[in-house]
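Structure below is input06.cif: mmCIF, C-alpha atoms.
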```cif
data_input
loop_
_atom_site.label_atom_id
_atom_site.label_comp_id
_atom_site.auth_asym_id
_atom_site.auth_seq_id
_atom_site.Cartn_x
_atom_site.Cartn_y
_atom_site.Cartn_z
CA MET A 1 -30.98 2.97 31.97
CA ASN A 2 -30.01 2.77 28.33
CA ALA A 3 -26.57 3.74 27.12
CA ALA A 4 -27.54 4.62 23.54
CA PRO A 5 -27.63 8.44 23.99
CA ALA A 6 -24.24 8.47 25.70
CA LEU A 7 -22.80 6.27 22.98
CA ILE A 8 -24.19 8.43 20.21
CA GLY A 9 -22.70 11.50 21.87
CA TYR A 10 -19.39 9.73 22.12
CA MET A 11 -19.54 8.70 18.44
CA ALA A 12 -20.15 12.30 17.42
CA MET A 13 -17.12 13.31 19.44
CA VAL A 14 -14.80 10.68 18.00
CA GLY A 15 -16.16 10.68 14.47
CA PHE A 16 -16.63 14.40 13.92
CA ALA A 17 -14.82 16.44 16.58
CA ALA A 18 -11.62 14.46 17.04
CA PRO A 19 -10.28 14.55 13.44
CA PRO A 20 -9.95 18.36 13.21
CA LEU A 21 -8.12 18.28 16.55
CA MET A 22 -5.70 15.68 15.24
CA LEU A 23 -5.19 17.57 11.98
CA ARG A 24 -4.45 20.82 13.80
CA SER A 25 -1.93 19.25 16.17
CA LYS A 26 1.78 19.46 15.42
CA TRP A 27 2.86 16.29 17.18
CA PRO A 28 1.50 13.63 14.74
CA HIS A 29 4.05 14.47 12.06
CA ARG A 30 6.81 14.43 14.64
CA ALA A 31 5.77 11.05 16.04
CA PRO A 32 4.20 9.30 13.05
CA VAL A 33 4.14 5.80 14.52
CA LEU A 34 2.21 6.96 17.55
CA ALA A 35 -0.05 9.04 15.33
CA VAL A 36 -0.96 6.01 13.20
CA LEU A 37 -1.80 4.16 16.41
CA VAL A 38 -4.03 7.01 17.59
CA TRP A 39 -5.93 7.13 14.26
CA GLN A 40 -6.39 3.37 14.44
CA ALA A 41 -7.53 3.57 18.06
CA LEU A 42 -10.07 6.25 17.16
CA ALA A 43 -11.38 4.12 14.30
CA LEU A 44 -11.64 1.06 16.53
CA SER A 45 -13.31 3.10 19.24
CA PHE A 46 -15.84 4.47 16.78
CA SER A 47 -16.56 1.00 15.39
CA LEU A 48 -17.15 -0.47 18.84
CA SER A 49 -19.41 2.44 19.73
CA ALA A 50 -21.42 1.87 16.57
CA ALA A 51 -21.81 -1.82 17.37
CA LEU A 52 -22.81 -1.13 20.97
CA THR A 53 -25.20 1.64 19.94
CA ALA A 54 -26.90 -0.80 17.60
CA TYR A 55 -27.24 -3.19 20.49
CA HIS A 56 -28.69 -0.64 22.84
CA LEU A 57 -31.11 0.76 20.30
CA ALA A 58 -32.44 -2.74 19.75
CA THR A 59 -33.00 -3.30 23.45
CA PRO A 60 -34.33 -0.03 24.77
CA THR A 61 -35.58 -1.56 28.00
CA GLU A 62 -32.60 -3.70 28.73
CA HIS A 63 -31.83 -3.88 32.41
CA LEU A 64 -28.37 -4.45 33.53
CA HIS A 65 -27.86 -7.55 35.55
CA ALA A 66 -25.39 -7.41 38.29
CA GLY A 67 -22.40 -9.59 37.88
CA PHE A 68 -20.03 -10.54 35.18
CA VAL A 69 -22.53 -12.34 32.98
CA GLY A 70 -24.75 -9.28 33.02
CA VAL A 71 -21.92 -7.03 31.94
CA LEU A 72 -20.89 -9.39 29.18
CA HIS A 73 -24.43 -9.55 28.03
CA ALA A 74 -24.86 -5.82 28.05
CA CYS A 75 -21.74 -5.55 25.93
CA GLY A 76 -23.23 -7.88 23.41
CA LEU A 77 -20.41 -10.29 23.96
CA HIS A 78 -22.54 -12.98 25.45
CA ASP A 79 -25.43 -14.76 23.89
CA GLY A 80 -27.38 -14.79 27.11
CA VAL A 81 -26.89 -18.33 28.24
CA GLY A 82 -29.60 -19.22 30.65
CA ARG A 83 -31.76 -16.26 29.82
CA PRO A 84 -35.27 -17.46 29.28
CA ASP A 85 -37.28 -16.72 26.20
CA PRO A 86 -35.06 -14.71 23.90
CA GLY A 87 -37.47 -12.41 22.14
CA THR A 88 -37.13 -10.71 18.80
CA ALA A 89 -35.57 -7.66 20.38
CA GLU A 90 -32.91 -9.81 21.86
CA GLN A 91 -32.17 -11.57 18.62
CA LEU A 92 -31.94 -8.23 16.92
CA ALA A 93 -29.77 -6.97 19.73
CA THR A 94 -27.17 -9.61 19.12
CA ALA A 95 -27.53 -9.57 15.34
CA LEU A 96 -27.09 -5.81 14.80
CA PRO A 97 -23.73 -5.35 16.48
CA GLY A 98 -22.64 -8.53 14.75
CA VAL A 99 -23.54 -7.01 11.40
CA VAL A 100 -21.49 -3.89 12.15
CA LEU A 101 -18.41 -5.79 13.26
CA LEU A 102 -18.68 -8.45 10.57
CA SER A 103 -19.00 -5.90 7.80
CA LEU A 104 -15.83 -4.20 9.07
CA PHE A 105 -13.98 -7.48 9.24
CA GLY A 106 -15.36 -8.62 5.89
CA SER A 107 -14.39 -5.34 4.29
CA PHE A 108 -10.85 -5.68 5.65
CA VAL A 109 -10.54 -9.22 4.27
CA TRP A 110 -11.98 -8.09 0.94
CA HIS A 111 -9.48 -5.24 0.66
CA VAL A 112 -6.56 -7.50 1.58
CA VAL A 113 -7.57 -10.25 -0.84
CA ARG A 114 -8.32 -7.90 -3.71
CA ALA A 115 -5.03 -6.08 -3.22
CA ARG A 116 -3.10 -9.32 -3.04
CA ARG A 117 -4.66 -10.49 -6.31
CA ALA A 118 -3.76 -7.25 -8.01
CA ARG A 119 -0.20 -7.49 -6.67
CA ASN A 120 0.17 -11.09 -7.86
CA ARG A 121 -0.98 -10.10 -11.32
CA HIS A 122 1.40 -7.17 -11.30
CA ARG A 123 4.31 -9.28 -10.05
CA ARG A 124 3.86 -11.95 -12.72
CA THR A 125 4.19 -9.32 -15.45
CA LEU A 126 6.97 -7.53 -13.59
CA ASP A 127 9.09 -10.68 -13.35
CA ILE A 128 9.02 -11.04 -17.13
CA VAL A 129 9.43 -7.39 -18.05
CA GLY A 130 11.84 -6.08 -15.39
CA TYR A 131 15.55 -6.63 -14.98
CA ARG A 132 16.47 -8.07 -11.63
CA SER A 133 19.39 -6.26 -10.08
CA ASP A 134 21.22 -8.33 -7.48
CA ARG A 135 23.31 -5.31 -6.57
CA LEU A 136 20.27 -3.17 -5.75
CA HIS A 137 18.03 -6.02 -4.57
CA ALA A 138 15.41 -4.45 -6.77
CA THR A 139 13.69 -4.83 -10.12
CA VAL A 140 14.61 -2.22 -12.69
CA LEU A 141 12.04 -1.13 -15.28
CA PRO A 142 12.76 0.91 -18.39
CA TYR A 143 10.82 4.14 -17.83
CA GLY A 144 11.27 7.74 -18.83
CA ALA A 145 10.96 9.29 -15.38
CA PRO A 146 12.73 8.58 -12.11
CA ALA A 147 10.31 6.63 -9.97
CA ALA A 148 10.18 3.91 -7.35
CA TYR A 149 7.48 1.84 -5.73
CA CYS A 150 7.12 -1.44 -3.93
CA LEU A 151 4.92 -4.50 -3.98
CA PRO A 152 4.54 -5.40 -0.32
CA GLY A 153 3.30 -8.65 1.15
CA HIS A 154 4.20 -12.15 0.06
CA ALA A 155 7.18 -12.31 -2.35
CA PRO A 156 7.75 -8.55 -2.17
CA ARG A 157 9.39 -6.57 -4.96
CA ILE A 158 11.00 -3.18 -4.93
CA VAL A 159 10.77 -1.53 -8.30
CA VAL A 160 12.84 1.38 -9.55
CA SER A 161 12.97 2.96 -13.00
CA ASP A 162 16.21 2.92 -14.99
CA SER A 163 15.99 6.73 -15.12
CA ALA A 164 16.21 6.85 -11.33
CA VAL A 165 19.22 4.53 -11.39
CA ARG A 166 20.94 6.84 -13.89
CA LEU A 167 19.94 10.12 -12.29
CA LEU A 168 20.51 9.47 -8.59
CA SER A 169 23.85 8.99 -6.90
CA ALA A 170 24.51 5.61 -5.33
CA ARG A 171 23.73 6.95 -1.88
CA GLN A 172 20.58 8.74 -2.99
CA LEU A 173 19.37 5.60 -4.70
CA ASP A 174 20.04 3.50 -1.63
CA ALA A 175 18.13 6.01 0.52
CA VAL A 176 15.12 5.70 -1.80
CA LEU A 177 15.33 1.90 -1.75
CA GLU A 178 15.63 1.96 2.03
CA HIS A 179 12.38 3.94 2.15
CA GLU A 180 10.66 1.25 0.07
CA ARG A 181 12.20 -1.54 2.18
CA ALA A 182 10.69 0.12 5.25
CA HIS A 183 7.22 -0.13 3.68
CA VAL A 184 7.72 -3.83 2.99
CA ALA A 185 9.27 -4.66 6.34
CA GLY A 186 6.65 -2.68 8.25
CA ARG A 187 3.78 -4.39 6.40
CA HIS A 188 2.34 -0.96 5.76
CA HIS A 189 -0.14 -2.37 3.25
CA LEU A 190 -2.02 -4.09 6.07
CA VAL A 191 -2.22 -0.89 8.09
CA LEU A 192 -3.63 0.88 5.04
CA ALA A 193 -6.10 -1.96 4.50
CA THR A 194 -7.59 -1.40 7.97
CA ALA A 195 -8.04 2.29 7.13
CA GLU A 196 -9.63 1.30 3.79
CA ALA A 197 -11.97 -1.13 5.51
CA PHE A 198 -13.06 1.54 7.97
CA VAL A 199 -13.75 4.05 5.21
CA SER A 200 -15.80 1.56 3.18
CA VAL A 201 -18.13 0.91 6.11
CA PHE A 202 -18.31 4.44 7.55
CA ARG A 203 -17.93 6.45 4.36
CA TRP A 204 -19.92 9.41 5.69
CA VAL A 205 -17.87 9.87 8.84
CA PRO A 206 -15.11 12.52 8.60
CA LEU A 207 -12.94 10.37 10.87
CA ALA A 208 -12.86 7.61 8.25
CA ARG A 209 -11.74 9.83 5.38
CA HIS A 210 -9.15 11.66 7.43
CA ALA A 211 -7.86 8.47 9.01
CA ARG A 212 -7.22 6.94 5.60
CA GLU A 213 -5.58 10.05 4.18
CA GLN A 214 -3.44 10.69 7.23
CA THR A 215 -2.47 7.05 7.63
CA ALA A 216 -1.12 7.01 4.07
CA LEU A 217 0.90 10.17 4.71
CA LEU A 218 2.13 9.02 8.12
CA LEU A 219 3.28 5.69 6.67
CA GLU A 220 5.37 7.62 4.14
CA MET A 221 6.87 9.60 7.02
CA ILE A 222 7.65 6.41 8.92
CA ALA A 223 9.48 5.11 5.85
CA ASP A 224 11.25 8.46 5.44
CA ASP A 225 12.46 8.25 9.04
CA ARG A 226 13.81 4.79 8.39
CA ALA A 227 15.72 6.04 5.34
CA VAL A 228 17.34 8.95 7.18
CA ARG A 229 18.46 6.61 9.92
CA THR A 230 21.08 5.21 7.54
CA HIS A 231 21.50 8.18 5.21
CA SER A 232 22.02 11.88 5.76
CA HIS A 233 19.00 14.16 5.61
CA ALA A 234 20.66 16.01 2.74
CA VAL A 235 21.06 12.87 0.62
CA PHE A 236 17.50 11.81 1.20
CA ALA A 237 15.98 15.26 0.67
CA THR A 238 17.82 15.80 -2.60
CA ALA A 239 16.82 12.33 -3.79
CA MET A 240 13.23 13.21 -3.00
CA TYR A 241 13.51 16.43 -4.93
CA GLU A 242 14.96 14.71 -7.98
CA MET A 243 12.23 12.10 -7.96
CA ALA A 244 9.46 14.68 -7.61
CA ALA A 245 10.79 17.35 -9.90
CA VAL A 246 11.87 15.52 -13.02
CA GLY A 247 8.99 15.43 -15.41
CA ALA A 248 6.77 12.47 -14.93
CA PRO A 249 4.21 12.11 -17.70
CA ARG A 250 1.39 14.53 -16.93
CA GLY A 251 -1.96 13.02 -16.19
CA ALA A 252 -0.55 9.54 -16.11
CA PHE A 253 -1.23 9.27 -12.43
CA ALA A 254 -2.90 11.00 -9.58
CA VAL A 255 -1.81 14.52 -8.82
CA GLY A 256 -1.95 15.43 -5.18
CA GLY A 257 1.66 15.93 -4.51
CA HIS A 258 1.79 18.59 -1.81
CA THR A 259 2.34 15.78 0.66
CA VAL A 260 5.85 15.58 -0.81
CA LEU A 261 6.41 19.15 0.24
CA ILE A 262 5.25 18.38 3.77
CA ARG A 263 7.56 15.37 3.86
CA LEU A 264 10.52 17.24 2.40
CA ARG A 265 10.20 20.12 4.88
CA ARG A 266 9.95 17.59 7.65
CA VAL A 267 13.13 15.80 6.54
CA LEU A 268 15.00 19.09 6.11
CA GLY A 269 14.02 20.60 9.42
CA PRO A 270 13.51 17.79 11.86
CA ASP A 271 11.68 19.20 14.85
CA GLY A 272 12.80 16.43 17.14
CA ASP A 273 10.52 14.32 19.23
CA PRO A 274 7.46 15.97 20.74
CA HIS A 275 7.44 16.76 24.45
CA PRO A 276 7.27 13.58 26.58
CA VAL A 277 3.99 14.79 28.09
CA VAL A 278 2.46 15.00 24.62
CA ILE A 279 3.77 11.54 23.76
CA GLY A 280 2.40 10.18 27.02
CA ALA A 281 -1.01 11.77 26.53
CA ALA A 282 -1.26 10.46 22.96
CA ALA A 283 -0.23 6.97 24.06
CA VAL A 284 -2.82 7.00 26.82
CA ALA A 285 -5.44 8.20 24.34
CA ALA A 286 -4.54 5.38 21.96
CA ALA A 287 -4.85 2.83 24.74
CA VAL A 288 -8.01 4.20 26.35
CA ALA A 289 -10.07 5.22 23.31
CA PRO A 290 -11.07 1.65 22.34
CA LEU A 291 -12.13 0.94 25.97
CA LEU A 292 -14.29 4.03 26.45
CA PRO A 293 -17.31 2.76 24.51
CA LEU A 294 -17.27 -0.40 26.61
CA LEU A 295 -17.27 1.67 29.79
CA LEU A 296 -20.13 3.80 28.48
CA ALA A 297 -22.16 0.84 27.39
CA CYS A 298 -21.53 -1.32 30.38
CA PRO A 299 -21.55 0.94 33.40
CA PRO A 300 -19.49 -0.94 35.94
CA ASN A 301 -21.60 -3.50 37.74
CA LEU A 302 -21.31 -1.57 40.97
CA ALA A 303 -23.66 1.01 39.52
CA MET B 1 16.11 -24.69 -9.33
CA ARG B 2 14.59 -22.58 -12.03
CA ARG B 3 10.96 -21.70 -12.02
CA LEU B 4 8.64 -21.53 -14.96
CA GLY B 5 8.54 -17.74 -14.74
CA ASP B 6 12.27 -17.53 -15.30
CA LEU B 7 12.04 -19.38 -18.59
CA GLU B 8 9.18 -17.11 -19.62
CA ALA B 9 11.44 -14.14 -18.95
CA GLU B 10 14.33 -15.72 -20.86
CA ILE B 11 12.15 -16.30 -23.91
CA MET B 12 10.72 -12.79 -23.86
CA ASP B 13 14.19 -11.28 -23.27
CA ARG B 14 15.42 -12.84 -26.50
CA LEU B 15 12.44 -11.91 -28.62
CA TRP B 16 12.59 -8.31 -27.39
CA ALA B 17 16.33 -8.10 -27.94
CA TRP B 18 16.18 -9.59 -31.45
CA ASP B 19 13.25 -7.42 -32.43
CA ARG B 20 12.20 -9.82 -35.22
CA PRO B 21 10.03 -12.95 -35.45
CA ALA B 22 11.81 -16.10 -34.27
CA THR B 23 11.13 -19.81 -34.01
CA VAL B 24 11.28 -21.94 -30.87
CA ARG B 25 14.39 -23.63 -32.31
CA GLU B 26 16.27 -20.32 -32.43
CA ILE B 27 15.30 -19.52 -28.87
CA VAL B 28 16.33 -22.98 -27.63
CA ASP B 29 19.67 -22.76 -29.39
CA ASP B 30 20.37 -19.37 -27.86
CA ILE B 31 19.45 -20.45 -24.33
CA ASN B 32 21.56 -23.59 -24.84
CA THR B 33 24.66 -21.45 -25.25
CA GLN B 34 24.24 -20.65 -21.55
CA ARG B 35 22.56 -23.71 -20.08
CA PRO B 36 20.96 -26.92 -21.31
CA VAL B 37 17.22 -26.76 -21.81
CA ALA B 38 14.92 -29.21 -23.60
CA TYR B 39 13.23 -28.16 -26.85
CA SER B 40 9.89 -29.47 -25.59
CA THR B 41 10.12 -27.35 -22.44
CA VAL B 42 10.72 -24.15 -24.37
CA MET B 43 8.01 -25.17 -26.81
CA THR B 44 5.51 -25.60 -23.96
CA VAL B 45 6.37 -22.31 -22.28
CA THR B 46 6.30 -20.43 -25.59
CA ASN B 47 2.82 -21.84 -26.14
CA ILE B 48 1.81 -20.63 -22.69
CA LEU B 49 3.12 -17.13 -23.51
CA HIS B 50 1.13 -17.20 -26.72
CA SER B 51 -2.08 -18.26 -24.99
CA LYS B 52 -1.52 -15.61 -22.27
CA GLY B 53 -1.35 -12.96 -24.96
CA TRP B 54 2.34 -12.11 -24.76
CA LEU B 55 3.26 -13.53 -28.17
CA LEU B 56 1.77 -13.45 -31.65
CA ARG B 57 2.22 -16.19 -34.21
CA ASP B 58 0.75 -15.59 -37.64
CA LYS B 59 3.48 -16.79 -39.98
CA LYS B 60 5.39 -20.01 -40.32
CA GLN B 61 8.94 -20.77 -41.30
CA GLY B 62 8.73 -24.22 -42.81
CA ARG B 63 6.64 -26.13 -40.29
CA ALA B 64 7.56 -24.01 -37.27
CA TRP B 65 5.67 -20.97 -36.01
CA LEU B 66 7.37 -17.60 -36.00
CA TYR B 67 6.77 -15.75 -32.72
CA THR B 68 6.77 -11.99 -32.13
CA PRO B 69 6.08 -10.07 -28.90
CA VAL B 70 2.65 -8.39 -28.87
CA ARG B 71 3.99 -5.27 -27.16
CA SER B 72 7.46 -3.87 -26.55
CA ARG B 73 9.17 -4.23 -23.20
CA GLU B 74 8.85 -0.47 -22.74
CA ALA B 75 5.09 -0.59 -23.27
CA TYR B 76 4.68 -3.24 -20.59
CA ALA B 77 7.04 -1.34 -18.29
CA ALA B 78 5.10 1.90 -18.73
CA ALA B 79 1.83 0.14 -17.88
CA LEU B 80 3.42 -1.43 -14.81
CA MET B 81 4.88 1.88 -13.67
CA GLU B 82 1.61 3.68 -14.05
CA ASP B 83 -0.11 0.96 -12.07
CA GLY B 84 2.63 1.06 -9.44
CA LEU B 85 2.60 4.82 -9.22
CA GLY B 86 -1.06 4.95 -8.42
CA ALA B 87 -2.91 5.34 -11.69
CA SER B 88 -4.94 2.29 -10.82
CA THR B 89 -7.82 2.57 -8.41
CA ASP B 90 -6.25 -0.13 -6.24
CA ARG B 91 -4.25 2.24 -4.17
CA PRO B 92 -3.33 -0.23 -1.45
CA ALA B 93 -2.50 -2.88 -4.01
CA THR B 94 0.73 -1.84 -5.56
CA LEU B 95 0.81 1.39 -3.67
CA LEU B 96 3.38 3.11 -1.62
CA HIS B 97 5.09 4.81 -4.49
CA PHE B 98 7.86 7.11 -3.54
CA VAL B 99 6.48 10.50 -4.50
CA GLU B 100 3.47 11.71 -6.37
CA ASN B 101 3.36 13.73 -9.52
CA MET B 102 3.62 17.42 -8.74
CA SER B 103 2.68 20.76 -10.18
CA GLU B 104 5.25 23.36 -11.23
CA GLU B 105 4.50 25.49 -8.15
CA GLU B 106 5.05 22.57 -5.84
CA VAL B 107 8.35 21.73 -7.48
CA ALA B 108 9.38 25.37 -7.10
CA ALA B 109 8.44 25.23 -3.42
CA LEU B 110 10.54 22.10 -3.04
CA ARG B 111 13.52 23.80 -4.68
CA GLU B 112 13.04 26.78 -2.40
CA ALA B 113 12.94 24.53 0.66
CA LEU B 114 16.21 22.92 -0.41
CA ARG B 115 17.78 26.29 -1.16
CA THR B 116 16.98 27.77 2.24
CA VAL B 117 18.98 25.07 3.95
CA GLY B 118 21.79 25.63 1.47
CA MET B 119 21.58 22.37 -0.38
CA GLN B 120 22.20 21.73 -4.00
CA ALA B 121 19.46 20.02 -5.89
CA GLU B 122 22.19 17.83 -7.29
CA GLU B 123 24.41 15.99 -4.93
#
```
Is it possible to express this structure as structure tokens?
Amino acid sequence: MNAAPALIGYMAMVGFAAPPLMLRSKWPHRAPVLAVLVWQALALSFSLSAALTAYHLATPTEHLHAGFVGVLHACGLHDGVGRPDPGTAEQLATALPGVVLLSLFGSFVWHVVRARRARNRHRRTLDIVGYRSDRLHATVLPYGAPAAYCLPGHAPRIVVSDSAVRLLSARQLDAVLEHERAHVAGRHHLVLATAEAFVSVFRWVPLARHAREQTALLLEMIADDRAVRTHSHAVFATAMYEMAAVGAPRGAFAVGGHTVLIRLRRVLGPDGDPHPVVIGAAAVAAAVAPLLPLLLACPPNLA
Amino acid sequence: MRRLGDLEAEIMDRLWAWDRPATVREIVDDINTQRPVAYSTVMTVTNILHSKGWLLRDKKQGRAWLYTPVRSREAYAAALMEDGLGASTDRPATLLHFVENMSEEEVAALREALRTVGMQAEE
């Protein structure tokens, strides 16, 4: 029996049906860390399914061999030691899943390296142009609008405009900087890079686009949560408003700001943690989703 | 220990602050009021800044070049900010800017959200 049809069905479920469900749910914004994990698990699950589907399509008459070696082989994890006469189908069967997984990995590495290069370039200029503030542990840039961003990774920098320093109160400013510190400490750029890698390989899959978009938003929420741990919700929310509302140069950068509204409402009216059952179910989903394609592709050897 | 980048920043700081062409000698003398630094070191780093496109030198004072910044500090800062705030296509590169640019309606909605919980927009 060949597992390709089951795998394709599963891919359709994860890649096309699951994202709307996630988007409609209320819990992800209330448990953003868990939600990021679920999106990542779905992406991993989809990728494994794609690799295994490629394997099974290449070996339509593959018989499962009882025993551990057979299972490994059927999963494409084993090069078939001791199997006589590896035919073209077999070579293809090991090559295709390899191509899928390698292109994902390669894309991840490419995104990470390219981003690091851009950050290094940016940092070299920043260190000459900006004023280093030991008090704020940040680099201050002369700029007409209140703004803040961070350069994560190696030799991180937190950058804030002098307008923000003037406009915000000391506590508001520290809340904003705490938000940026959370991005750096949490290595959020690597999480985003996995979502970017997934979208570059599976551009046409709704899951990929939504995962990237939602991951970016959820990472902001995670950083927001970190900031309101040490500062009041009021201080943080008003800081957010000041940063968003005071005229940034139009057209200078991407407009798409309604995520700020979602974040602000969330900070102002914290809903509390989702029900433990919901948390539990989501955690189980995150843990099980990457294993499901393996179970589908390698029916347990008792079968 | 000081790194090369620090000296680059010190040189540019002075040229931006003075807002007029200056020679390496003037820069060295000014840095020397704070800490000792060799003329040849400053000369080398100024040359590097020139070859990297930070400084122009088209006139001479006696036998020494007069250096001027190519762009103002504010111009560099604006370019950095726009990169950092997501104008570049490398979203994950500098990324993670605090908030995005918003429309008037969105700002109004923000104000409304703050108002309903009885908060001042100013602290």
Residues in the PyMOL selection byres ((chain A and resi 17-31) around 10), expressed as an mmCIF file with C-alpha atoms, keeping the file's coordinate frame:
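The resulting result.cif:
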```cif
data_model
loop_
_atom_site.group_PDB
_atom_site.id
_atom_site.type_symbol
_atom_site.label_atom_id
_atom_site.label_comp_id
_atom_site.auth_asym_id
_atom_site.auth_seq_id
_atom_site.Cartn_x
_atom_site.Cartn_y
_atom_site.Cartn_z
ATOM 1 C CA TYR A 10 -19.390 9.730 22.120
ATOM 2 C CA MET A 11 -19.540 8.700 18.440
ATOM 3 C CA ALA A 12 -20.150 12.300 17.420
ATOM 4 C CA MET A 13 -17.120 13.310 19.440
ATOM 5 C CA VAL A 14 -14.800 10.680 18.000
ATOM 6 C CA GLY A 15 -16.160 10.680 14.470
ATOM 7 C CA PHE A 16 -16.630 14.400 13.920
ATOM 8 C CA PRO A 32 4.200 9.300 13.050
ATOM 9 C CA VAL A 33 4.140 5.800 14.520
ATOM 10 C CA LEU A 34 2.210 6.960 17.550
ATOM 11 C CA ALA A 35 -0.050 9.040 15.330
ATOM 12 C CA VAL A 36 -0.960 6.010 13.200
ATOM 13 C CA VAL A 38 -4.030 7.010 17.590
ATOM 14 C CA TRP A 39 -5.930 7.130 14.260
ATOM 15 C CA LEU A 42 -10.070 6.250 17.160
ATOM 16 C CA PRO A 206 -15.110 12.520 8.600
ATOM 17 C CA LEU A 207 -12.940 10.370 10.870
ATOM 18 C CA ALA A 208 -12.860 7.610 8.250
ATOM 19 C CA ARG A 209 -11.740 9.830 5.380
ATOM 20 C CA HIS A 210 -9.150 11.660 7.430
ATOM 21 C CA ALA A 211 -7.860 8.470 9.010
ATOM 22 C CA GLN A 214 -3.440 10.690 7.230
ATOM 23 C CA LEU A 217 0.900 10.170 4.710
ATOM 24 C CA LEU A 218 2.130 9.020 8.120
ATOM 25 C CA MET A 221 6.870 9.600 7.020
ATOM 26 C CA ILE A 222 7.650 6.410 8.920
ATOM 27 C CA ILE A 262 5.250 18.380 3.770
ATOM 28 C CA ARG A 263 7.560 15.370 3.860
ATOM 29 C CA ARG A 266 9.950 17.590 7.650
ATOM 30 C CA PRO A 270 13.510 17.790 11.860
ATOM 31 C CA ASP A 271 11.680 19.200 14.850
ATOM 32 C CA GLY A 272 12.800 16.430 17.140
ATOM 33 C CA ASP A 273 10.520 14.320 19.230
ATOM 34 C CA PRO A 274 7.460 15.970 20.740
ATOM 35 C CA HIS A 275 7.440 16.760 24.450
ATOM 36 C CA VAL A 278 2.460 15.000 24.620
ATOM 37 C CA ILE A 279 3.770 11.540 23.760
ATOM 38 C CA ALA A 282 -1.260 10.460 22.960
#
```
Original post:
So, counting all atoms listed in the file, which residue among A:Ser133, A:Phe198, A:Ala164, A:Arg119 is closest to chain B?
Top reply: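 That would be A:Arg119, the residue with the smallest distance to chain B.
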Original post:
Mind listing as number ranges by chain which residues of chain A are within 8 Å of chain B, counting all atoms listed in the file?
Top reply: A: 114-116, 118-119, 122, 124-130, 141-143, 147-152, 169, 176, 179-180, 183, 189, 192-193, 220, 234-235, 237-238, 240-245, 248, 250, 252-258, 260-261, 264-265, 268
Evaluating the PyMOL selection byres ((chain A and resi 103) around 12) on the displayed file yields which residues, as a PDB file with C-alpha atoms, keeping the file's coordinate frame?
```
ATOM      1  CA  SER A  47     -16.560   1.000  15.390  1.00  0.00           C
ATOM      2  CA  ALA A  50     -21.420   1.870  16.570  1.00  0.00           C
ATOM      3  CA  ALA A  51     -21.810  -1.820  17.370  1.00  0.00           C
ATOM      4  CA  ALA A  95     -27.530  -9.570  15.340  1.00  0.00           C
ATOM      5  CA  LEU A  96     -27.090  -5.810  14.800  1.00  0.00           C
ATOM      6  CA  PRO A  97     -23.730  -5.350  16.480  1.00  0.00           C
ATOM      7  CA  GLY A  98     -22.640  -8.530  14.750  1.00  0.00           C
ATOM      8  CA  VAL A  99     -23.540  -7.010  11.400  1.00  0.00           C
ATOM      9  CA  VAL A 100     -21.490  -3.890  12.150  1.00  0.00           C
ATOM     10  CA  LEU A 101     -18.410  -5.790  13.260  1.00  0.00           C
ATOM     11  CA  LEU A 102     -18.680  -8.450  10.570  1.00  0.00           C
ATOM     12  CA  LEU A 104     -15.830  -4.200   9.070  1.00  0.00           C
ATOM     13  CA  PHE A 105     -13.980  -7.480   9.240  1.00  0.00           C
ATOM     14  CA  GLY A 106     -15.360  -8.620   5.890  1.00  0.00           C
ATOM     15  CA  SER A 107     -14.390  -5.340   4.290  1.00  0.00           C
ATOM     16  CA  PHE A 108     -10.850  -5.680   5.650  1.00  0.00           C
ATOM     17  CA  VAL A 109     -10.540  -9.220   4.270  1.00  0.00           C
ATOM     18  CA  TRP A 110     -11.980  -8.090   0.940  1.00  0.00           C
ATOM     19  CA  HIS A 111      -9.480  -5.240   0.660  1.00  0.00           C
ATOM     20  CA  ALA A 197     -11.970  -1.130   5.510  1.00  0.00           C
ATOM     21  CA  PHE A 198     -13.060   1.540   7.970  1.00  0.00           C
ATOM     22  CA  VAL A 199     -13.750   4.050   5.210  1.00  0.00           C
ATOM     23  CA  SER A 200     -15.800   1.560   3.180  1.00  0.00           C
ATOM     24  CA  VAL A 201     -18.130   0.910   6.110  1.00  0.00           C
ATOM     25  CA  PHE A 202     -18.310   4.440   7.550  1.00  0.00           C
TER      26      PHE A 202
END
```
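Separating CA of Val42 in chain B from CA of Ile158 in chain A is a distance of 28.6 Å.
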